[in-house]
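A quick write-up on the structure given underneath.
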Amino acid sequence: MGIGDQAYRTLLALGLAIGAMAGAAPSAFAGIELMPHRAIYDMELGQADDDAGIAGLSGRMVYEFTGGACEGYSVSFRFVTELSSAEGGVRVTDLQTTSFEEPSGKGYQFLTKTFIDRQLAEETRGRAEHANGGVEVELKKPSEKTVDLRNKVLFPTQHLQALLAAAEKGDAVFVADVFDGSETGEKVYYTTSIIGQQRKGAGKPQEDAEAAVSKLDGLTHWPVTISYFEDDTDAGGEKTPVYQLGFLLYQNGVSRRLVLDYGEFKIRGHLVELEPLEPADCARAN
């Protein structure tokens, strides 16, 4: 396929899905404490079928998660990749996104810009809010419109918080519909998460940086695989996920040992830096 839309959409999906792992809804699961932090990942091509047409991939992903339960949580995220095709072509993709989840998870503001070879290719901006038994999305870009989503849709940070709560209860499967503002800001993903057995401590660094992993020592973590499906209730038979995201999820919201499986190819992310940041002073805010 060369460097086509499939590979390009996969990189966006990876960036948005991993970016969602940074935050947490502030009140629905108040017993779970999330750590504000800055994390840096080096990205590389794991494997690719001949049909994928991909010769190589390299990149870096950086995100910051800040805020607190009293003021809401913000994510600032950038994901730059260089993708080369079997035909010798090269495409540089720069995904930049910021989001803010309001206290109590009521509203979710999002802005995403995608640059291809330094030219702005896409921009999505809007705000979603739980209202009237569902979710209403007010889009500003790519066009101004209002979108009504089904009820029980979770924002990405709410999804992470619920996933952590399920893991701590010992659940092996967690199912939810997720809205993350991706693509044109109208898509809902149906997700199924498989949660592995609880593990104590940081675990072996393997290909992640030892200094970064050491900052997770003493924490509980779980291996998790999330399958993302298109929201197509009319499709018959067994559904095939659009992609799967695998990672180790720690009780403080940090993730590492990332693997995105798109069927024809896989992308791996290695944690190379982890910097804890100061949490918001909710006592002062009140």
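So you can find residues: chains in the structure tokens are A, B, ... in the order shown, residues in each start at 1, and ligands are numbered from 1 in order.
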
Practice item. Determine which residues of region 70-116 of chain A receive a DSSP assignment of strand (DSSP E or B), computed from the backbone, and state them as number ranges by chain. Key: A: 72-85, 90-101, 107-116

Review point. If we count only C-alpha atoms, what is near region 260-262 of chain A at a cut-off of 6 Å, once residues fewer than 2 positions away on the same chain are taken out, given as an NGL selection string?
Key: :A and (243-245 or 264-267)

Based on the selection just made, write C-alpha atoms of those residues as a compact mmCIF listing (two decimals), in the first residue's frame.
# COMPACT_ATOMS: atom_id res chain seq x y z
CA TYR A 243 -6.29 -2.00 16.11
CA GLN A 244 -5.11 -3.31 19.49
CA LEU A 245 -3.04 -1.45 22.04
CA GLU A 264 -0.30 -6.02 8.97
CA PHE A 265 2.28 -4.33 11.16
CA LYS A 266 3.15 -3.53 14.78
CA ILE A 267 4.68 -0.46 16.39

Practice item. Within 7 Å of region 105-120 of chain A, counting only C-alpha atoms, which residues show up once you throw out same-chain ones fewer than 3 positions away? Write them as a ChimeraX atom specification, please. Key: /A:25-26,91-102,123-130,158,181

Dump N, CA, C and O atoms for the selected residues as a short mmCIF file (atom, residue, chain, number, x, y, z; two decimals), in the first residue's frame?
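Printed below is selection_9.cif as written:
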data_model
loop_
_atom_site.label_atom_id
_atom_site.label_comp_id
_atom_site.auth_asym_id
_atom_site.auth_seq_id
_atom_site.Cartn_x
_atom_site.Cartn_y
_atom_site.Cartn_z
N ALA A 25 -10.23 10.75 35.16
CA ALA A 25 -11.38 11.50 35.63
C ALA A 25 -11.29 11.71 37.12
O ALA A 25 -10.90 10.82 37.86
N PRO A 26 -11.60 12.90 37.63
CA PRO A 26 -11.25 13.26 38.98
C PRO A 26 -12.11 12.73 40.10
O PRO A 26 -11.65 12.68 41.22
N ARG A 91 7.59 9.80 4.79
CA ARG A 91 6.60 10.75 5.27
C ARG A 91 6.87 11.04 6.74
O ARG A 91 7.02 10.12 7.54
N VAL A 92 6.94 12.32 7.09
CA VAL A 92 7.09 12.74 8.48
C VAL A 92 5.74 13.25 8.97
O VAL A 92 5.16 14.18 8.39
N THR A 93 5.24 12.62 10.02
CA THR A 93 3.95 12.99 10.61
C THR A 93 4.17 13.56 12.00
O THR A 93 4.88 12.98 12.81
N ASP A 94 3.55 14.70 12.26
CA ASP A 94 3.67 15.39 13.55
C ASP A 94 2.27 15.60 14.10
O ASP A 94 1.52 16.43 13.61
N LEU A 95 1.93 14.81 15.12
CA LEU A 95 0.62 14.89 15.76
C LEU A 95 0.75 15.67 17.06
O LEU A 95 1.54 15.30 17.93
N GLN A 96 0.00 16.75 17.20
CA GLN A 96 0.03 17.58 18.40
C GLN A 96 -1.39 17.69 18.95
O GLN A 96 -2.31 18.08 18.22
N THR A 97 -1.56 17.36 20.21
CA THR A 97 -2.89 17.42 20.79
C THR A 97 -2.84 17.91 22.23
O THR A 97 -1.89 17.64 22.96
N THR A 98 -3.85 18.65 22.60
CA THR A 98 -4.05 19.05 23.99
C THR A 98 -5.50 18.75 24.36
O THR A 98 -6.41 18.86 23.53
N SER A 99 -5.70 18.36 25.59
CA SER A 99 -7.05 18.08 26.07
C SER A 99 -7.17 18.46 27.54
O SER A 99 -6.17 18.53 28.25
N PHE A 100 -8.39 18.70 27.95
CA PHE A 100 -8.66 19.06 29.34
C PHE A 100 -9.95 18.40 29.77
O PHE A 100 -10.99 18.56 29.12
N GLU A 101 -9.88 17.63 30.84
CA GLU A 101 -11.08 17.01 31.40
C GLU A 101 -11.47 17.77 32.65
O GLU A 101 -10.70 17.86 33.60
N GLU A 102 -12.67 18.30 32.62
CA GLU A 102 -13.13 19.16 33.69
C GLU A 102 -13.41 18.38 34.96
O GLU A 102 -13.60 17.16 34.93
N GLU A 123 -7.12 19.44 11.43
CA GLU A 123 -7.29 20.11 12.72
C GLU A 123 -8.69 19.80 13.23
O GLU A 123 -9.67 19.95 12.50
N THR A 124 -8.75 19.34 14.46
CA THR A 124 -10.03 19.03 15.10
C THR A 124 -10.08 19.74 16.44
O THR A 124 -9.14 19.64 17.23
N ARG A 125 -11.18 20.46 16.70
CA ARG A 125 -11.31 21.19 17.96
C ARG A 125 -12.76 21.18 18.39
O ARG A 125 -13.67 21.35 17.58
N GLY A 126 -12.98 20.97 19.70
CA GLY A 126 -14.34 20.97 20.19
C GLY A 126 -14.41 20.71 21.68
O GLY A 126 -13.40 20.62 22.37
N ARG A 127 -15.64 20.58 22.15
CA ARG A 127 -15.90 20.28 23.55
C ARG A 127 -17.07 19.32 23.64
O ARG A 127 -18.10 19.52 22.98
N ALA A 128 -16.90 18.27 24.44
CA ALA A 128 -17.96 17.30 24.67
C ALA A 128 -18.41 17.41 26.12
O ALA A 128 -17.63 17.71 27.01
N GLU A 129 -19.69 17.15 26.34
CA GLU A 129 -20.25 17.27 27.69
C GLU A 129 -21.33 16.22 27.91
O GLU A 129 -22.16 15.95 27.03
N HIS A 130 -21.28 15.60 29.11
CA HIS A 130 -22.37 14.71 29.51
C HIS A 130 -23.60 15.56 29.80
O HIS A 130 -23.58 16.40 30.69
N GLN A 158 -11.83 9.15 31.59
CA GLN A 158 -12.78 8.37 32.38
C GLN A 158 -12.58 6.88 32.11
O GLN A 158 -12.69 6.05 33.02
N GLY A 181 -12.39 12.34 20.60
CA GLY A 181 -12.24 13.51 19.75
C GLY A 181 -11.38 13.27 18.53
O GLY A 181 -11.00 14.22 17.85
#
